[in-house]
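Trainee: Below: one structure in structure tokens.
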Amino acid sequence: MQRSHNAIQLTDLNSDELARLYAYPAGLQVPWVRANFVSSIDGAATAGELSEGLGTPADKTVFLLLRDLADVILVGAGTVRAEHYGGARTHAARRRELYREGIGGHRDGAPPPIAVVTAGANLEPDCRLLTDTAVPPLIITTAAAAADRKRALAEAGAEVIEVGEVAVTPKALLAALGARGLFRVLCEGGPHLFGSLLDADTVDELCLTTAPLLIGGSAGRISLSAHEFHRRMRRTHLLLDEDGTLLTRWTRIVE
């Protein structure tokens, strides 16, 4: 591999080498939370109000790989609506191979479910997440959410999981995933969900793509929270693509 200042050229890696760079820790017994985001050079988390507007071929490659590795994909309801989420499309053979190697995937090759955090169960039962999926989504909600909403989602095929009375806390959310053996967690947004996970100190790593674009405008950041915090992170790797895309992986420093 060609290296420069600890950077790796993406084109120097084959698919197996790339997967090993993004492997989850072996032998997990509790959820490991990985977040994956893209931003512009000037810090915009969206272009045209969608993260898809920042995508590059390298970002798409890693996006799909991270889904292949994950046990569950965690998103907020706002992101599901804004990005028009459907079920995950992964590669069954690749998922079985990753499972045999012990770094991710699924023994039967099944795609990971989408877990949606929505305290009020605010999703339509005919949304694409429920009508275009190979596995039932998980709706992480509360006891206070309207019973008719929860019933409609369950009747549409979702697994509805209550994890609190009026709020979904990060620790209760992750406990529910862990109880189902979903330890390799991939958070894809949005910024409020990511910010709440960071505020609760439950994020183990961040995979961040910097797209070679300047956006301007009033686009938001990748994380938003009620409080300011300082989480020290260690750069695990830096990948460079020929078009200028930067792919970084950051893991938290345990003091």
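Chain labels run A, B, ... following the order of the structure tokens; each chain numbers its residues from 1, and ligands are numbered from 1 in the order shown.
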Which residues of stretch 57-79 of chain A have any atom within 9 Å of an atom in stretch 117-124 of chain A when counting only C-alpha atoms, and what is the closest pair of atoms for each, with the distance in Å to one decimal? Order the rows by chain and rising number and write it as a Markdown table.
Mentor:
| residue | atom | partner | partner_atom | distance |
| --- | --- | --- | --- | --- |
| A:Leu74 | CA | A:Val117 | CA | 7.5 |
| A:Val75 | CA | A:Val117 | CA | 6.3 |
| A:Gly76 | CA | A:Val117 | CA | 4.8 |
| A:Ala77 | CA | A:Thr118 | CA | 5.6 |
| A:Gly78 | CA | A:Thr118 | CA | 8.6 |
Trainee: Next, the residues of the selection above should be written as an mmCIF file, in the first residue's frame with N, CA and C atoms.
Mentor:
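Saved the output as out.cif:
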data_model
loop_
_atom_site.group_PDB
_atom_site.id
_atom_site.type_symbol
_atom_site.label_atom_id
_atom_site.label_comp_id
_atom_site.auth_asym_id
_atom_site.auth_seq_id
_atom_site.Cartn_x
_atom_site.Cartn_y
_atom_site.Cartn_z
ATOM 1 N N LEU A 74 -29.134 2.282 12.761
ATOM 2 C CA LEU A 74 -29.890 3.131 13.679
ATOM 3 C C LEU A 74 -30.076 4.516 13.064
ATOM 4 N N VAL A 75 -31.329 4.983 13.012
ATOM 5 C CA VAL A 75 -31.621 6.299 12.444
ATOM 6 C C VAL A 75 -32.757 6.953 13.226
ATOM 7 N N GLY A 76 -32.831 8.266 13.133
ATOM 8 C CA GLY A 76 -33.949 9.007 13.691
ATOM 9 C C GLY A 76 -35.082 9.076 12.683
ATOM 10 N N ALA A 77 -36.294 9.292 13.184
ATOM 11 C CA ALA A 77 -37.459 9.329 12.302
ATOM 12 C C ALA A 77 -37.375 10.464 11.296
ATOM 13 N N GLY A 78 -36.802 11.609 11.694
ATOM 14 C CA GLY A 78 -36.665 12.726 10.766
ATOM 15 C C GLY A 78 -35.793 12.370 9.576
#
Trainee: Excluding same-chain residues fewer than 5 positions from stretch 89-100 of chain A, what lies within 6 Å of it counting only C-alpha atoms, as a ChimeraX atom specification?
Mentor: /A:68,105-107,109,111
Trainee: Just write the chosen residues, N, CA, C and O atoms, as a CSV table (one decimal), in the first residue's frame.
Mentor:
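So result_35.csv came out as:
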chain,number,residue,atom,x,y,z
A,68,ASP,N,-22.9,-3.7,5.2
A,68,ASP,CA,-22.7,-5.1,5.2
A,68,ASP,C,-22.1,-5.6,6.5
A,68,ASP,O,-22.4,-6.8,6.9
A,105,GLY,N,-21.3,-8.8,9.4
A,105,GLY,CA,-22.1,-9.6,8.5
A,105,GLY,C,-23.2,-10.4,9.3
A,105,GLY,O,-23.5,-10.1,10.5
A,106,HIS,N,-23.7,-11.4,8.7
A,106,HIS,CA,-24.7,-12.3,9.2
A,106,HIS,C,-24.6,-13.7,8.7
A,106,HIS,O,-24.3,-13.9,7.5
A,107,ARG,N,-24.8,-14.7,9.6
A,107,ARG,CA,-24.5,-16.0,9.2
A,107,ARG,C,-25.4,-16.5,8.0
A,107,ARG,O,-25.0,-17.4,7.2
A,109,GLY,N,-26.7,-14.3,5.8
A,109,GLY,CA,-26.6,-13.3,4.8
A,109,GLY,C,-27.8,-12.3,4.8
A,109,GLY,O,-27.8,-11.4,3.9
A,111,PRO,N,-30.0,-9.0,5.5
A,111,PRO,CA,-29.6,-7.6,5.7
A,111,PRO,C,-29.9,-7.2,7.1
A,111,PRO,O,-30.8,-7.8,7.8
Trainee: DSSP on the backbone, helix (DSSP H, G or I) only: what residues of stretch 189-248 of chain A does that give? Format it as a list in words.
Mentor: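 Residues of stretch 189-248 of chain A classed as helix (DSSP H, G or I): Pro191, His192, Leu193, Phe194, Gly195, Ser196, Leu197, Leu198 and Asp199 of chain A.
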Trainee: Could you produce a table of the residues of stretch 16-58 of chain A lying within 6 Å of stretch 193-217 of chain A, with the nearest pair of atoms per residue and their separation in Å rounded to one decimal, using only C-alpha atoms, ordered by chain and increasing residue number, as a Markdown table?
Mentor:
| residue | atom | partner | partner_atom | distance |
| --- | --- | --- | --- | --- |
| A:Val33 | CA | A:Val203 | CA | 5.1 |
| A:Arg34 | CA | A:Glu205 | CA | 4.9 |
| A:Ala35 | CA | A:Leu206 | CA | 4.8 |
| A:Asn36 | CA | A:Cys207 | CA | 4.7 |
| A:Phe37 | CA | A:Leu208 | CA | 5.1 |
| A:Val38 | CA | A:Thr209 | CA | 4.5 |
| A:Ser39 | CA | A:Thr210 | CA | 5.2 |
| A:Ser40 | CA | A:Ala211 | CA | 4.9 |
| A:Ile41 | CA | A:Leu214 | CA | 5.7 |
| A:Asp42 | CA | A:Leu214 | CA | 5.7 |
Trainee: Any chance you could list, as a PyMOL selection string, the residues in stretch 136-185 of chain A that come up strand (DSSP E) when DSSP is run on the backbone?
Mentor: chain A and resi 138-141+159-162+184-185
Trainee: Have a look at A:Leu65, A:Pro57, A:Phe183, A:Glu155 and name the one nearest to A:Ser15; count only C-alpha atoms.
Mentor: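 Nearest candidate to A:Ser15 out of A:Leu65, A:Pro57, A:Phe183, A:Glu155: A:Leu65.
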